[in-house]
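Presented below is the structure to which this report refers.
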Amino acid sequence: MNKRKIAIFGSTGSIGIQALEVIAAHPDRFSVEVLTAQQNADLLIEQALKFKPNAVVIGSEDKYKQVKDVLFDKGIKVFAGPKAMVEVAAWSSIDMMLAAIMGFAGLAPTLSAIEQGTPIALANKETLVVAGDIVMATARRKNVPIIPVDSEHSAIFQCLLGEPFSKVEKVILTASGGPFLGKKPNFLINVKKDHALQHPNWSMGAKITIDSATLMNKGLEMIEARWLFGLQPEHIEVVIHAQSIIHSMVQFVDGSLKAQMGLPDMKLPIQYALGYPDRLANDFPRFSFRNNPTLTFEQPDTKTFRNLAIAIEAMHKGGNAPCVMNAANEEVVNAFLKNRIGFLQMTEVIEETMGKVPFIETPTLHDYYECDNAAREHAASLINSIVI
């Protein structure tokens, strides 16, 4: 069996680092063709020296010389800048792209790879949140498989295998509830980033961890599920499952439920996506009912965690609404991580931004880029006016 050549776009982030661990554990199945990073030149260099890819791309052009000086004489091609990201994504030598660039920035390289016909292991939910209609239409036109890496969407994907889609009644995304499950606004108003970054179950990057704390992450996942699985908004639900053992469920027209279960470890869905359709053996820890005798479920509190309600509204509204919401959310999370905005103020900025950017019912790709820019500018102006 030929090794599958993997391009990891976002190799220095949490998903990228864990993906390289999976690849290292299966050297007979995978090799690294491309690694990319935005800012972390030191870690990119370290990864490249270990995995010896054909090429690396550093998004920050001012770090090009640092990377090139170390890697060029090692026979590794070095590129820099967003244009290079898009161009390298279209290389025909790539067998699968792991799309793990954080946020809106992942859209252009992912579309470039799809146009080339490269299968996608999708860990960047924002790509579908922002332009899911265009991305999935392009994937269908090019007959490109998109295998989800998010644990929830991987669970749904696995539950749907072998099932006729016409027999699906709804999908149920599970949410841990984050570190503030059960808390009310009088508590959340004083929350700082250090507390919000302490997720009870998952080890993730800072942005997604904050999104989990606000429940925005689950809203983004609902929109992603809509496009990934071709669902109507009313067929997607969220339930709080604090233990994070059931990763998501599918309910069928006869009332039966399928659930995919396992310990909260992102390496499992990463490995599943990279190896699909094979299931690869591993030595990951196993779930035990003896050690986890109780699994609980409850409805999300959308009155307190209004980001989830905003995302549900954006999903139903469609058009450019999810794009505007995502842009504003990226801005407020970045500001919160820099202690420039309060926890509850993030929601206020998102809501006000969504009310200011004009609605477009059927956006073009150009419209999505314009709306993203407009939303970021408005959100940034609101953030600059806040005093905490």
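How things are named: the first chain in the structure tokens is A, the next is B, and so on; residues count from 1 in each chain; ligands count from 1 in the order shown.
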Fill in: alpha helix (DSSP H) call set, DSSP backbone run, region 17-257 of chain A, as a PyMOL selection string
chain A and resi 17-25+41-51+64-71+82-89+107-116+126-142+151-160+185-188+193-196+206-214+216-229
Worksheet item: So which residues touch Leu337 (chain A) within 10 Å, counting only C-alpha atoms, skipping near sequence neighbours fewer than 4 positions away, as a ChimeraX atom specification?
Response: /A:192-194,196-197,206-207,210,332-333,341-343
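Proximity of A:Ala90, A:Ile350, A:Ile156, A:Ala328 to Ala374 (chain A), computed with only C-alpha atoms, is greatest for A:Ala328.
Distance annotation: of A:Ala25, A:Val78, A:Val253, A:Ile312, the residue with the minimal separation from Val56 (chain A) is A:Val78; atom set is only C-alpha atoms.
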Residues near Glu330 (chain A), anyone? I mean within 9 Å using only C-alpha atoms, not counting same-chain ones fewer than 5 positions away, as a PDB file with all heavy atoms, in the first residue's frame.
```pdb
ATOM      1  N   GLY A 103     -10.096  29.613  11.804  1.00  0.00           N
ATOM      2  CA  GLY A 103     -10.922  30.732  11.397  1.00  0.00           C
ATOM      3  C   GLY A 103     -11.101  30.891   9.904  1.00  0.00           C
ATOM      4  O   GLY A 103     -10.860  29.990   9.096  1.00  0.00           O
ATOM      5  N   PHE A 104     -11.529  32.111   9.528  1.00  0.00           N
ATOM      6  CA  PHE A 104     -11.844  32.450   8.146  1.00  0.00           C
ATOM      7  C   PHE A 104     -10.654  32.222   7.221  1.00  0.00           C
ATOM      8  O   PHE A 104     -10.831  31.933   6.037  1.00  0.00           O
ATOM      9  CB  PHE A 104     -12.295  33.917   8.094  1.00  0.00           C
ATOM     10  CG  PHE A 104     -12.688  34.407   6.732  1.00  0.00           C
ATOM     11  CD1 PHE A 104     -13.976  34.242   6.264  1.00  0.00           C
ATOM     12  CD2 PHE A 104     -11.759  35.062   5.917  1.00  0.00           C
ATOM     13  CE1 PHE A 104     -14.343  34.706   5.000  1.00  0.00           C
ATOM     14  CE2 PHE A 104     -12.118  35.525   4.661  1.00  0.00           C
ATOM     15  CZ  PHE A 104     -13.419  35.348   4.201  1.00  0.00           C
ATOM     16  N   LYS A 207      -8.703  29.660  20.971  1.00  0.00           N
ATOM     17  CA  LYS A 207      -9.910  30.201  20.347  1.00  0.00           C
ATOM     18  C   LYS A 207     -11.087  29.255  20.503  1.00  0.00           C
ATOM     19  O   LYS A 207     -12.191  29.648  20.910  1.00  0.00           O
ATOM     20  CB  LYS A 207      -9.625  30.496  18.872  1.00  0.00           C
ATOM     21  CG  LYS A 207     -10.670  31.395  18.203  1.00  0.00           C
ATOM     22  CD  LYS A 207     -11.784  30.617  17.538  1.00  0.00           C
ATOM     23  CE  LYS A 207     -12.760  31.538  16.829  1.00  0.00           C
ATOM     24  NZ  LYS A 207     -13.879  30.791  16.205  1.00  0.00           N
ATOM     25  N   MET A 325     -21.538  36.820  11.598  1.00  0.00           N
ATOM     26  CA  MET A 325     -21.435  36.344  12.977  1.00  0.00           C
ATOM     27  C   MET A 325     -20.052  35.783  13.261  1.00  0.00           C
ATOM     28  O   MET A 325     -19.433  36.091  14.292  1.00  0.00           O
ATOM     29  CB  MET A 325     -22.489  35.274  13.244  1.00  0.00           C
ATOM     30  CG  MET A 325     -22.448  34.685  14.648  1.00  0.00           C
ATOM     31  SD  MET A 325     -23.407  33.164  14.788  1.00  0.00           S
ATOM     32  CE  MET A 325     -22.372  32.008  13.866  1.00  0.00           C
ATOM     33  N   ALA A 335     -10.037  39.689  21.219  1.00  0.00           N
ATOM     34  CA  ALA A 335     -10.006  40.794  22.188  1.00  0.00           C
ATOM     35  C   ALA A 335     -10.121  40.279  23.619  1.00  0.00           C
ATOM     36  O   ALA A 335      -9.444  40.777  24.530  1.00  0.00           O
ATOM     37  CB  ALA A 335     -11.129  41.780  21.885  1.00  0.00           C
ATOM     38  N   ARG A 376     -15.606  42.645  10.608  1.00  0.00           N
ATOM     39  CA  ARG A 376     -14.411  42.806  11.459  1.00  0.00           C
ATOM     40  C   ARG A 376     -14.175  44.286  11.787  1.00  0.00           C
ATOM     41  O   ARG A 376     -13.830  44.624  12.927  1.00  0.00           O
ATOM     42  CB  ARG A 376     -13.188  42.200  10.766  1.00  0.00           C
ATOM     43  CG  ARG A 376     -13.220  40.691  10.708  1.00  0.00           C
ATOM     44  CD  ARG A 376     -12.017  40.114   9.986  1.00  0.00           C
ATOM     45  NE  ARG A 376     -12.228  38.710   9.722  1.00  0.00           N
ATOM     46  CZ  ARG A 376     -12.006  37.737  10.606  1.00  0.00           C
ATOM     47  NH1 ARG A 376     -11.540  38.034  11.814  1.00  0.00           N
ATOM     48  NH2 ARG A 376     -12.250  36.479  10.292  1.00  0.00           N
TER      49      ARG A 376
END
```
Practice prompt. Name the residues in contact with region 273-283 of chain A at a cut-off of 9 Å, using only C-alpha atoms, excluding same-chain residues fewer than 4 positions from it; report them as a list in words.
Written response: Arg4, Ile6, Ala19, Val22, Ile23, Ala25, His26, Arg29, Phe30, Met96, Met97, Leu98, Ile120, Ala121, Leu122, Ile147, Pro148, Val149, Ser154, Leu268 and Pro269 of chain A
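Distances here use only C-alpha atoms; by that measure, the residue among A:Val171, A:Met266, A:Leu365, A:Leu111 closest to Gln18 (chain A) is A:Met266.
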